[in-house]
$ cat coords_33.tsv   # TSV, C-alpha atoms (C1' of nucleotides)
chain	number	residue	atom	x	y	z
A	1	MET	CA	29.77	-38.57	-21.69
A	2	SER	CA	32.01	-37.59	-18.80
A	3	GLY	CA	33.84	-40.37	-17.05
A	4	LEU	CA	32.69	-42.88	-19.61
A	5	SER	CA	35.70	-42.88	-21.85
A	6	PRO	CA	36.83	-46.27	-23.21
A	7	GLU	CA	39.64	-46.68	-20.72
A	8	PRO	CA	38.57	-45.86	-17.18
A	9	GLY	CA	41.73	-43.90	-16.57
A	10	ALA	CA	42.50	-42.17	-13.35
A	11	ARG	CA	40.10	-41.93	-10.50
A	12	LEU	CA	38.48	-38.67	-9.48
A	13	VAL	CA	36.47	-38.15	-6.33
A	14	VAL	CA	33.84	-35.46	-6.02
A	15	ILE	CA	32.30	-34.50	-2.69
A	16	LEU	CA	29.29	-32.31	-2.96
A	17	GLY	CA	26.64	-31.01	-0.64
A	18	PRO	CA	25.12	-27.86	0.78
A	19	THR	CA	27.11	-25.29	2.68
A	20	ALA	CA	28.11	-26.38	6.19
A	21	SER	CA	27.58	-30.06	5.43
A	22	GLY	CA	31.22	-30.87	6.09
A	23	LYS	CA	32.62	-31.24	2.59
A	24	SER	CA	36.00	-29.73	3.45
A	25	ALA	CA	36.53	-31.94	6.46
A	26	LEU	CA	35.63	-35.07	4.54
A	27	GLY	CA	37.84	-34.00	1.67
A	28	ILE	CA	40.86	-33.70	3.92
A	29	THR	CA	40.15	-37.05	5.54
A	30	LEU	CA	39.94	-38.77	2.18
A	31	ALA	CA	43.02	-36.97	0.91
A	32	GLU	CA	45.04	-38.18	3.86
A	33	ARG	CA	43.98	-41.76	3.44
A	34	LEU	CA	44.13	-41.93	-0.34
A	35	ALA	CA	47.11	-39.76	-1.18
A	36	GLY	CA	44.95	-37.04	-2.61
A	37	GLU	CA	44.88	-33.31	-3.06
A	38	ILE	CA	41.88	-31.01	-2.87
A	39	LEU	CA	40.33	-29.05	-5.70
A	40	VAL	CA	37.92	-26.57	-4.23
A	41	CYS	CA	34.89	-25.94	-6.41
A	42	ASP	CA	33.42	-22.83	-4.85
A	43	SER	CA	32.69	-19.58	-6.63
A	44	THR	CA	33.44	-17.47	-3.56
A	45	GLN	CA	36.69	-19.00	-2.41
A	46	VAL	CA	38.42	-18.00	-5.63
A	47	TYR	CA	38.53	-14.45	-4.27
A	48	ARG	CA	41.56	-13.49	-2.26
A	49	HIS	CA	41.24	-11.80	1.13
A	50	PHE	CA	37.65	-12.92	1.62
A	51	ASP	CA	38.52	-15.85	3.84
A	52	ILE	CA	36.41	-16.27	6.93
A	53	GLY	CA	32.98	-15.57	5.49
A	54	THR	CA	33.58	-17.83	2.51
A	55	ALA	CA	34.54	-20.66	4.86
A	56	LYS	CA	37.97	-21.29	3.43
A	57	VAL	CA	39.92	-23.92	5.29
A	58	PRO	CA	42.74	-22.01	7.00
A	59	PRO	CA	46.24	-23.38	6.26
A	60	SER	CA	46.57	-24.40	9.89
A	61	GLU	CA	43.70	-26.83	9.44
A	62	GLN	CA	44.66	-28.23	6.08
A	63	ARG	CA	46.88	-30.89	7.67
A	64	GLY	CA	49.40	-30.51	4.91
A	65	ILE	CA	46.96	-31.36	2.14
A	66	PRO	CA	47.31	-28.98	-0.83
A	67	HIS	CA	44.15	-27.00	-1.60
A	68	HIS	CA	43.85	-25.83	-5.19
A	69	LEU	CA	41.61	-23.33	-6.94
A	70	VAL	CA	41.42	-21.00	-3.98
A	71	ASP	CA	42.58	-17.35	-3.98
A	72	LEU	CA	42.76	-17.05	-7.74
A	73	VAL	CA	41.73	-13.43	-8.25
A	74	GLU	CA	41.59	-10.05	-6.55
A	75	PRO	CA	38.29	-8.75	-5.20
A	76	GLN	CA	37.62	-6.28	-7.98
A	77	GLU	CA	38.10	-8.89	-10.69
A	78	LEU	CA	35.35	-10.97	-12.24
A	79	PHE	CA	35.48	-14.71	-12.31
A	80	THR	CA	33.44	-17.06	-14.46
A	81	ALA	CA	32.51	-20.69	-14.80
A	82	GLY	CA	34.57	-20.90	-17.96
A	83	GLU	CA	37.64	-19.60	-16.22
A	84	TYR	CA	37.09	-22.09	-13.43
A	85	ARG	CA	36.98	-24.92	-15.91
A	86	ARG	CA	40.26	-23.87	-17.52
A	87	ARG	CA	42.05	-23.58	-14.22
A	88	ALA	CA	40.66	-26.83	-12.90
A	89	LEU	CA	41.76	-28.72	-15.99
A	90	GLU	CA	45.30	-27.43	-15.45
A	91	VAL	CA	45.30	-28.64	-11.89
A	92	LEU	CA	43.94	-32.03	-12.89
A	93	ALA	CA	46.65	-32.45	-15.50
A	94	ASN	CA	49.21	-31.51	-12.94
A	95	LEU	CA	47.96	-34.00	-10.35
A	96	ARG	CA	47.86	-36.71	-12.94
A	97	GLY	CA	51.55	-36.19	-13.52
A	98	LYS	CA	52.16	-36.57	-9.80
A	99	ALA	CA	49.83	-39.56	-9.51
A	100	LYS	CA	47.82	-37.83	-6.83
A	101	LEU	CA	44.11	-38.51	-6.37
A	102	PRO	CA	42.10	-35.38	-7.17
A	103	ILE	CA	39.32	-34.74	-4.67
A	104	ILE	CA	36.87	-32.03	-5.61
A	105	THR	CA	34.85	-30.43	-2.84
A	106	ALA	CA	31.97	-28.79	-4.62
A	107	GLY	CA	29.47	-26.27	-3.39
A	108	THR	CA	28.93	-24.44	-6.65
A	109	GLY	CA	26.88	-26.64	-8.93
A	110	LEU	CA	27.44	-24.58	-12.06
A	111	TYR	CA	31.20	-24.70	-11.75
A	112	LEU	CA	31.18	-28.43	-11.16
A	113	ARG	CA	29.00	-28.95	-14.20
A	114	ALA	CA	31.22	-26.70	-16.27
A	115	LEU	CA	34.15	-28.90	-15.35
A	116	LEU	CA	32.52	-32.32	-15.62
A	117	GLU	CA	30.23	-31.72	-18.58
A	118	GLY	CA	31.91	-28.78	-20.21
A	119	LEU	CA	30.48	-25.56	-21.55
A	120	ALA	CA	29.13	-24.88	-25.01
A	121	ASP	CA	31.29	-22.85	-27.32
A	122	ALA	CA	29.55	-19.61	-26.42
A	123	PRO	CA	30.99	-16.11	-26.38
A	124	GLU	CA	32.39	-14.70	-23.14
A	125	ARG	CA	30.56	-11.92	-21.41
A	126	SER	CA	30.82	-8.47	-22.85
A	127	GLU	CA	30.62	-5.70	-20.29
A	128	GLU	CA	29.82	-3.02	-22.86
A	129	LEU	CA	26.88	-4.94	-24.31
A	130	ARG	CA	25.60	-5.79	-20.88
A	131	GLU	CA	25.77	-2.22	-19.73
A	132	ARG	CA	23.80	-1.07	-22.76
A	133	LEU	CA	21.15	-3.72	-22.14
A	134	ARG	CA	20.91	-2.85	-18.48
A	135	GLN	CA	20.30	0.78	-19.38
A	136	LYS	CA	17.54	-0.22	-21.73
A	137	ALA	CA	15.95	-2.35	-19.07
A	138	LYS	CA	16.04	0.54	-16.64
A	139	LEU	CA	14.45	2.81	-19.22
A	140	HIS	CA	11.73	0.56	-20.56
A	141	GLY	CA	10.93	-1.71	-17.65
A	142	PRO	CA	12.01	-5.21	-16.76
A	143	VAL	CA	10.01	-7.05	-19.39
A	144	TYR	CA	11.35	-5.00	-22.29
A	145	LEU	CA	14.47	-7.11	-22.69
A	146	HIS	CA	12.41	-10.24	-22.81
A	147	ARG	CA	10.46	-8.90	-25.78
A	148	LEU	CA	13.72	-7.88	-27.36
A	149	LEU	CA	15.04	-11.41	-27.00
A	150	ALA	CA	11.81	-12.88	-28.33
A	151	ARG	CA	12.27	-10.93	-31.54
A	152	THR	CA	15.53	-12.67	-32.41
A	153	ASP	CA	15.39	-15.88	-30.39
A	154	LYS	CA	11.91	-17.15	-29.72
A	155	GLU	CA	13.12	-20.43	-28.33
A	156	ALA	CA	15.30	-18.81	-25.67
A	157	ALA	CA	12.59	-16.32	-24.76
A	158	ALA	CA	10.16	-19.16	-24.18
A	159	ARG	CA	12.58	-20.82	-21.81
A	160	ILE	CA	13.47	-17.80	-19.71
A	161	ALA	CA	11.03	-16.01	-17.39
A	162	PRO	CA	10.23	-12.43	-18.46
A	163	ARG	CA	11.65	-10.98	-15.26
A	164	ASP	CA	14.83	-13.00	-15.17
A	165	THR	CA	16.89	-10.09	-16.42
A	166	GLN	CA	20.23	-11.69	-15.71
A	167	LYS	CA	19.55	-14.76	-17.83
A	168	ILE	CA	17.84	-12.72	-20.53
A	169	ILE	CA	20.89	-10.51	-20.86
A	170	ARG	CA	23.12	-13.52	-21.16
A	171	ALA	CA	20.86	-14.96	-23.87
A	172	ILE	CA	20.82	-11.72	-25.86
A	173	GLU	CA	24.57	-11.56	-25.46
A	174	ILE	CA	25.03	-15.03	-26.93
A	175	ARG	CA	22.52	-14.37	-29.71
A	176	THR	CA	24.21	-11.11	-30.64
A	177	LEU	CA	27.84	-12.12	-30.36
A	178	ALA	CA	27.54	-15.66	-31.72
A	179	GLY	CA	25.15	-14.67	-34.45
A	180	LYS	CA	22.93	-17.65	-33.81
A	181	SER	CA	20.31	-18.70	-31.32
A	182	VAL	CA	21.17	-19.86	-27.84
A	183	GLY	CA	19.61	-23.21	-28.61
A	184	ASP	CA	21.84	-23.65	-31.64
A	185	VAL	CA	24.90	-22.71	-29.65
A	186	HIS	CA	24.04	-25.25	-26.97
A	187	ARG	CA	23.13	-27.93	-29.45
A	188	SER	CA	26.54	-27.61	-31.04
A	189	GLY	CA	27.66	-29.64	-28.06
A	190	ARG	CA	30.16	-29.38	-25.28
A	191	GLU	CA	33.15	-31.37	-24.32
A	192	GLY	CA	32.93	-33.04	-20.95
A	193	LEU	CA	35.77	-34.25	-18.83
A	194	SER	CA	37.06	-37.55	-20.12
A	195	GLY	CA	39.63	-40.06	-19.04
A	196	TYR	CA	38.43	-40.15	-15.45
A	197	ASP	CA	36.55	-42.67	-13.41
A	198	VAL	CA	34.43	-40.28	-11.35
A	199	LYS	CA	33.07	-41.18	-7.92
A	200	LYS	CA	30.51	-38.71	-6.64
A	201	ILE	CA	29.75	-38.59	-2.96
A	202	GLY	CA	26.89	-36.41	-1.76
A	203	LEU	CA	26.47	-35.18	1.79
A	204	SER	CA	22.85	-34.96	2.82
A	205	PRO	CA	22.45	-34.30	6.53
A	206	PRO	CA	18.94	-33.90	7.95
A	207	ARG	CA	17.57	-30.47	7.12
A	208	GLY	CA	17.06	-29.36	10.72
A	209	ALA	CA	20.54	-30.39	11.77
A	210	LEU	CA	22.03	-28.62	8.77
A	211	TYR	CA	20.23	-25.40	9.62
A	212	ALA	CA	21.49	-25.65	13.18
A	213	ARG	CA	25.05	-26.03	11.91
A	214	ILE	CA	24.65	-23.03	9.68
A	215	ASP	CA	23.67	-20.92	12.65
A	216	ALA	CA	26.49	-22.28	14.78
A	217	ARG	CA	29.02	-21.75	12.03
A	218	PHE	CA	28.04	-18.12	11.79
A	219	ASP	CA	28.95	-17.68	15.44
A	220	SER	CA	32.30	-19.31	14.98
A	221	MET	CA	33.02	-17.15	11.96
A	222	ILE	CA	32.40	-14.07	14.03
A	223	ALA	CA	34.57	-15.48	16.79
A	224	ALA	CA	37.28	-16.12	14.21
A	225	GLY	CA	37.36	-12.42	13.43
A	226	TRP	CA	35.05	-12.01	10.48
A	227	MET	CA	34.32	-8.42	11.43
A	228	GLU	CA	37.99	-7.54	11.56
A	229	GLU	CA	38.46	-9.13	8.17
A	230	ILE	CA	35.75	-6.92	6.73
A	231	ARG	CA	37.16	-3.84	8.40
A	232	LYS	CA	40.54	-4.55	6.86
A	233	LEU	CA	38.99	-5.02	3.43
A	234	VAL	CA	37.17	-1.73	3.72
A	235	ASP	CA	40.28	0.04	4.95
A	236	SER	CA	42.36	-1.34	2.13
A	237	GLY	CA	39.98	0.28	-0.30
A	238	VAL	CA	38.00	-2.63	-1.72
A	239	ALA	CA	34.96	-1.04	-3.34
A	240	ALA	CA	31.57	-1.78	-1.87
A	241	ASN	CA	30.34	-2.96	-5.24
A	242	ALA	CA	33.15	-5.45	-5.69
A	243	LYS	CA	31.77	-8.90	-6.42
A	244	PRO	CA	32.77	-10.61	-3.20
A	245	PHE	CA	31.10	-7.91	-1.15
A	246	GLN	CA	27.85	-9.30	-2.49
A	247	PHE	CA	28.45	-12.66	-0.88
A	248	ILE	CA	26.21	-13.68	1.97
A	249	GLY	CA	27.17	-11.91	5.14
A	250	TYR	CA	29.72	-9.53	3.70
A	251	SER	CA	27.24	-6.92	2.55
A	252	GLU	CA	25.17	-7.10	5.71
A	253	LEU	CA	28.11	-6.94	8.07
A	254	ARG	CA	29.75	-4.18	6.10
A	255	ALA	CA	26.58	-2.14	6.52
A	256	CYS	CA	26.69	-2.77	10.26
A	257	LEU	CA	30.27	-1.69	10.39
A	258	GLU	CA	29.76	1.50	8.43
A	259	GLY	CA	26.28	2.36	9.62
A	260	GLY	CA	27.09	1.48	13.17
A	261	ARG	CA	23.72	-0.18	13.49
A	262	GLY	CA	23.06	-3.22	15.60
A	263	THR	CA	23.99	-6.63	14.38
A	264	THR	CA	21.13	-8.69	15.77
A	265	GLU	CA	18.92	-7.99	12.76
A	266	ALA	CA	21.81	-8.60	10.39
A	267	ILE	CA	22.62	-11.91	12.02
A	268	LYS	CA	19.10	-13.17	11.45
A	269	GLN	CA	19.23	-12.06	7.84
A	270	ILE	CA	22.56	-13.73	7.22
A	271	GLN	CA	21.55	-17.02	8.76
A	272	GLN	CA	18.33	-16.98	6.79
A	273	ALA	CA	20.09	-16.15	3.53
A	274	THR	CA	22.47	-19.01	4.19
A	275	ARG	CA	19.59	-21.42	4.74
A	276	ARG	CA	18.01	-20.37	1.48
A	277	PHE	CA	21.32	-20.77	-0.27
A	278	ALA	CA	21.70	-24.27	1.13
A	279	LYS	CA	18.25	-25.10	-0.18
A	280	ARG	CA	19.17	-23.97	-3.67
A	281	GLN	CA	22.30	-26.09	-3.54
A	282	ILE	CA	20.28	-29.10	-2.48
A	283	THR	CA	17.87	-28.54	-5.34
A	284	TRP	CA	20.72	-28.35	-7.81
A	285	PHE	CA	22.54	-31.42	-6.53
A	286	ARG	CA	19.43	-33.56	-6.28
A	287	LYS	CA	19.38	-34.21	-9.97
A	288	GLU	CA	23.11	-34.76	-10.27
A	289	PRO	CA	23.56	-38.16	-11.93
A	290	ASP	CA	25.49	-41.14	-10.54
A	291	MET	CA	25.47	-39.94	-6.97
A	292	HIS	CA	26.28	-41.86	-3.83
A	293	TRP	CA	24.32	-40.05	-1.16
A	294	LEU	CA	25.29	-40.23	2.50
A	295	SER	CA	22.82	-38.92	5.02
A	296	GLY	CA	25.11	-37.20	7.49
A	297	PHE	CA	27.81	-34.60	7.95
A	298	GLY	CA	31.28	-35.00	6.48
A	299	ASP	CA	32.92	-35.21	9.88
A	300	ASP	CA	30.75	-38.10	11.01
A	301	PRO	CA	32.96	-41.23	11.35
A	302	ALA	CA	30.32	-43.44	9.78
A	303	VAL	CA	30.11	-41.09	6.82
A	304	GLU	CA	33.89	-41.04	6.55
A	305	GLU	CA	34.01	-44.82	6.40
A	306	ALA	CA	31.25	-45.02	3.82
A	307	ALA	CA	32.90	-42.33	1.73
A	308	LEU	CA	36.20	-44.15	1.85
A	309	ARG	CA	34.59	-47.31	0.56
A	310	ILE	CA	32.97	-45.41	-2.28
A	311	ALA	CA	36.14	-43.57	-3.16
A	312	ARG	CA	38.11	-46.81	-3.24
A	313	LEU	CA	35.65	-49.11	-4.91
A	314	GLY	CA	33.04	-46.89	-6.37
A	315	GLN	CA	30.34	-48.95	-4.76
A	316	ALA	CA	27.32	-47.75	-2.93
A	317	PRO	CA	27.59	-48.48	0.78
A	318	SER	CA	24.47	-50.58	0.65
A	319	SER	CA	25.99	-52.93	-1.91
A	320	SER	CA	29.10	-53.75	0.07
B	1	G	C1'	-14.99	0.33	38.20
B	2	G	C1'	-15.31	3.68	33.57
B	3	A	C1'	-13.69	5.54	28.33
B	4	C	C1'	-11.61	4.49	24.01
B	5	G	C1'	-8.41	1.35	20.61
B	6	G	C1'	-7.58	-3.59	19.27
B	7	G	C1'	-7.93	-9.35	18.85
B	8	U	C1'	-7.56	-12.04	11.08
B	9	G	C1'	-4.26	-18.03	8.32
B	10	G	C1'	3.29	-20.06	10.99
B	11	G	C1'	4.65	-14.31	11.63
B	12	U	C1'	3.72	-9.04	10.29
B	13	G	C1'	-0.66	-7.07	8.42
B	14	A	C1'	-4.89	-5.39	4.69
B	15	G	C1'	-9.82	-6.16	4.44
B	16	U	C1'	-16.40	-2.82	7.07
B	17	G	C1'	-22.29	-7.29	4.18
B	18	G	C1'	-21.72	-11.06	-1.38
B	19	C	C1'	-16.54	-10.61	-6.58
B	20	U	C1'	-12.94	-13.66	0.28
B	21	A	C1'	-9.81	-19.82	1.69
B	22	A	C1'	-9.41	-14.16	2.85
B	23	A	C1'	-4.54	-8.56	-0.39
B	24	A	C1'	0.55	-7.74	0.47
B	25	C	C1'	5.06	-8.92	2.68
B	26	C	C1'	8.07	-12.43	5.47
B	27	A	C1'	9.11	-17.32	6.80
B	28	G	C1'	8.53	-22.35	4.84
B	29	C	C1'	8.39	-26.02	0.83
B	30	A	C1'	9.22	-27.33	-4.25
B	31	G	C1'	11.47	-26.17	-8.89
B	32	A	C1'	14.48	-23.81	-13.09
B	33	C	C1'	19.27	-22.40	-14.15
B	34	U	C1'	25.68	-23.93	-20.19
B	35	G	C1'	30.67	-17.85	-18.32
B	36	U	C1'	27.50	-12.71	-12.14
B	37	A	C1'	25.69	-18.85	-9.70
B	38	A	C1'	26.65	-17.27	-1.93
B	39	A	C1'	23.75	-14.93	-8.32
B	40	U	C1'	19.08	-14.70	-10.97
B	41	C	C1'	14.25	-16.41	-11.59
B	42	U	C1'	9.46	-19.54	-11.13
B	43	G	C1'	5.52	-22.23	-8.60
B	44	C	C1'	2.99	-23.86	-4.13
B	45	C	C1'	1.62	-22.42	0.56
B	46	G	C1'	-6.04	-24.46	5.76
B	47	C	C1'	-7.61	-29.75	5.40
B	48	U	C1'	-9.63	-33.22	2.23
B	49	C	C1'	-12.08	-36.04	-2.10
B	50	C	C1'	-12.21	-37.28	-7.08
B	51	U	C1'	-14.07	-38.21	-13.26
B	52	U	C1'	-7.67	-32.97	-11.90
B	53	G	C1'	-11.74	-28.86	-13.05
B	54	C	C1'	-11.01	-21.33	-13.36
B	55	G	C1'	-14.24	-29.12	-9.75
B	56	G	C1'	-16.71	-31.00	-4.95
B	57	G	C1'	-16.84	-31.22	0.46
B	58	C	C1'	-15.25	-29.58	5.26
B	59	U	C1'	-12.97	-26.10	8.61
B	60	A	C1'	-11.32	-20.81	9.33
B	61	C	C1'	-10.94	-14.17	10.88
B	62	G	C1'	-10.79	-14.33	20.16
B	63	G	C1'	-15.67	-17.22	22.27
B	64	A	C1'	-21.02	-17.93	22.36
B	65	G	C1'	-25.47	-16.40	20.41
B	66	G	C1'	-28.36	-13.25	16.93
B	67	U	C1'	-29.82	-10.25	12.29
B	68	U	C1'	-29.64	-11.51	6.95
B	69	C	C1'	-30.97	-15.21	1.05
B	70	G	C1'	-25.66	-14.25	2.47
B	71	A	C1'	-21.08	-11.98	7.95
B	72	A	C1'	-14.16	-11.59	9.06
B	73	U	C1'	-17.34	-7.42	8.09
B	74	C	C1'	-23.86	-5.52	11.45
B	75	C	C1'	-26.18	-6.46	16.76
B	76	U	C1'	-25.87	-8.68	21.98
B	77	C	C1'	-23.19	-10.84	25.85
B	78	C	C1'	-18.51	-12.87	27.42
B	79	C	C1'	-12.95	-13.48	27.37
B	80	C	C1'	-8.09	-11.38	26.38
B	81	C	C1'	-4.45	-7.25	25.08
B	82	G	C1'	-3.05	-1.87	24.91
B	83	U	C1'	-3.74	3.25	26.25
B	84	C	C1'	-6.24	6.71	29.20
B	85	C	C1'	-9.72	8.19	33.38
B	86	A	C1'	-11.10	6.81	38.38
$ encode --input "coords_33.tsv" --output "structure tokens"
Amino acid sequence: MSGLSPEPGARLVVILGPTASGKSALGITLAERLAGEILVCDSTQVYRHFDIGTAKVPPSEQRGIPHHLVDLVEPQELFTAGEYRRRALEVLANLRGKAKLPIITAGTGLYLRALLEGLADAPERSEELRERLRQKAKLHGPVYLHRLLARTDKEAAARIAPRDTQKIIRAIEIRTLAGKSVGDVHRSGREGLSGYDVKKIGLSPPRGALYARIDARFDSMIAAGWMEEIRKLVDSGVAANAKPFQFIGYSELRACLEGGRGTTEAIKQIQQATRRFAKRQITWFRKEPDMHWLSGFGDDPAVEEAALRIARLGQAPSSS
RNA sequence: GGACGGGUGGGUGAGUGGCUAAAACCAGCAGACUGUAAAUCUGCCGCUCCUUGCGGGCUACGGAGGUUCGAAUCCUCCCCCGUCCA
């Protein structure tokens, strides 16, 4: 449904790929050449003050290209896919008025899907309900909630693994607050993005090379003062259980800082966690429809050229 | 030179005669995922064959022999590692 509206409308470029694949660099390159602006689609970069570890592009490296959807909330706030969608739609409307090409650099598959395909009309999260459910789970064991869900929504229970507490809670939440099954809520449809001719470019560097970049990027983040950033966050009173402190690297390094223990073990953990994260991203993006995959990093000149062709013409490099 | 302890699948490591291709954990690979998504969860993980079955074959617990219907597990010799005694 998305991008297939009767009149092709404005163009929209999406660059997606695993972490450290060079999405940001490619985005800036395309923006410069095509009079575009960047919409970051990353669930971690929406948090203010968590800059280095979330790999935000520092203003000094943005080459004058506006970067939207970054630094939207404070660390103790919660952010959701629905909120991302609302904000992104605002930015898109705004760029349309200025006749700028929107370029989305996407690392968070769920957020991108929320924007492109929409979300069902489901209730927002309810902290009170969730807290009650979490208490019950703690009391009766992890599988208890699954049985609870099965009682009112067999279909959802069949789809969700008994130990996937997070998804079970969400399902119970929808069932309870919407008053109908999750399946019914989802089947009621969702409204995707329309009025855009979407070009999706995927970065797919060789696995080994990607892993090497991940390791190298960690070093440069440290060199850029990641530790100092964390120290400042701690000093300014950001709670340890704040959402962004759960992001890869932040929790481990905070523990090093406060526990005074060595970092060599933490470094290995962080690099490994990042590799696993990249794998999950790859899995998610693999089934993304209408992709133009490029097998290199976003700062590779050959990739830049191919991406430019796709962004301009919407043709696969092989067909040109 | 002698006395003990130990050598197990990519790693750590359990396993003392059959239920063991070998626990568990890690790593790796694959997958799911419509408001926590850098999250959460699932599967596979010696090789191989097919009529894909709680199927067949082969290889595997340092090496070589042996005992036994049957050995990672018991015996003999050898090699290596650690600790201790000379």
$ interface_residues --input "coords_33.tsv" --of "chain A" --to "chain B" --cutoff "8 Å" --atoms "all atoms listed in the file" --output "number ranges by chain"
A: 43-44, 80-83, 108-110, 114, 118-120, 124-125, 161, 163-167, 186, 247-248, 274, 277, 283
$ residues_near_point --input "coords_33.tsv" --point "(35.4, -9.7, 10.4)" --cutoff "12 Å" --atoms "all atoms listed in the file" --output "number ranges by chain"
A: 49-54, 218-234, 249-254, 256-257
$ closest_residue --input "coords_33.tsv" --among "B:C80, B:C45, B:C69, B:C75" --to "G7 in chain B" --atoms "all atoms listed in the file"
B:C80
$ atom_distance --input "coords_33.tsv" --atom1 "CA of Gly208 in chain A" --atom2 "CA of Gln246 in chain A"
26.3 Å
$ atom_distance --input "coords_33.tsv" --atom1 "CA of Thr152 in chain A" --atom2 "CA of Ile172 in chain A"
8.5 Å
$ residues_around --input "coords_33.tsv" --residues "range 16-22 of chain B" --least-positions-apart "5" --cutoff "7 Å" --atoms "only C-alpha atoms (C1' of nucleotides)" --output "number ranges by chain"
B: 70-71, 73
$ write_last_selection --input "coords_33.tsv" --atoms "C-alpha atoms (C1' of nucleotides)" --output "mmCIF file, keeping the file's coordinate frame"
data_model
loop_
_atom_site.group_PDB
_atom_site.id
_atom_site.type_symbol
_atom_site.label_atom_id
_atom_site.label_comp_id
_atom_site.auth_asym_id
_atom_site.auth_seq_id
_atom_site.Cartn_x
_atom_site.Cartn_y
_atom_site.Cartn_z
ATOM 1 C "C1'" G B 70 -25.660 -14.250 2.470
ATOM 2 C "C1'" A B 71 -21.080 -11.980 7.950
ATOM 3 C "C1'" U B 73 -17.340 -7.420 8.090
#
$ residues_near_point --input "coords_33.tsv" --point "(-10.6, -16.6, 12.9)" --cutoff "7 Å" --atoms "only C-alpha atoms (C1' of nucleotides)" --output "PyMOL selection string"
chain B and resi 8+60-61
$ write_last_selection --input "coords_33.tsv" --atoms "C-alpha atoms (C1' of nucleotides)" --output "short mmCIF file (atom, residue, chain, number, x, y, z; two decimals), in the coordinates of the input"
data_model
loop_
_atom_site.label_atom_id
_atom_site.label_comp_id
_atom_site.auth_asym_id
_atom_site.auth_seq_id
_atom_site.Cartn_x
_atom_site.Cartn_y
_atom_site.Cartn_z
"C1'" U B 8 -7.56 -12.04 11.08
"C1'" A B 60 -11.32 -20.81 9.33
"C1'" C B 61 -10.94 -14.17 10.88
#
$ residues_around --input "coords_33.tsv" --residues "G11 in chain B" --least-positions-apart "3" --cutoff "12 Å" --atoms "only C-alpha atoms (C1' of nucleotides)" --output "mmCIF file with C-alpha atoms (C1' of nucleotides), in the frame of the given file"
data_model
loop_
_atom_site.group_PDB
_atom_site.id
_atom_site.type_symbol
_atom_site.label_atom_id
_atom_site.label_comp_id
_atom_site.auth_asym_id
_atom_site.auth_seq_id
_atom_site.Cartn_x
_atom_site.Cartn_y
_atom_site.Cartn_z
ATOM 1 C "C1'" C B 25 5.060 -8.920 2.680
ATOM 2 C "C1'" C B 26 8.070 -12.430 5.470
ATOM 3 C "C1'" A B 27 9.110 -17.320 6.800
ATOM 4 C "C1'" G B 28 8.530 -22.350 4.840
#
$ atom_distance --input "coords_33.tsv" --atom1 "CA of Arg213 in chain A" --atom2 "CA of Ala278 in chain A"
11.4 Å
$ residues_around --input "coords_33.tsv" --residues "U83 in chain B" --least-positions-apart "4" --cutoff "12 Å" --atoms "only C-alpha atoms (C1' of nucleotides)" --output "ChimeraX atom specification"
/B:3-6
$ write_last_selection --input "coords_33.tsv" --atoms "C-alpha atoms (C1' of nucleotides)" --output "compact mmCIF listing (two decimals), in the coordinates of the input"
# COMPACT_ATOMS: atom_id res chain seq x y z
C1' A B 3 -13.69 5.54 28.33
C1' C B 4 -11.61 4.49 24.01
C1' G B 5 -8.41 1.35 20.61
C1' G B 6 -7.58 -3.59 19.27
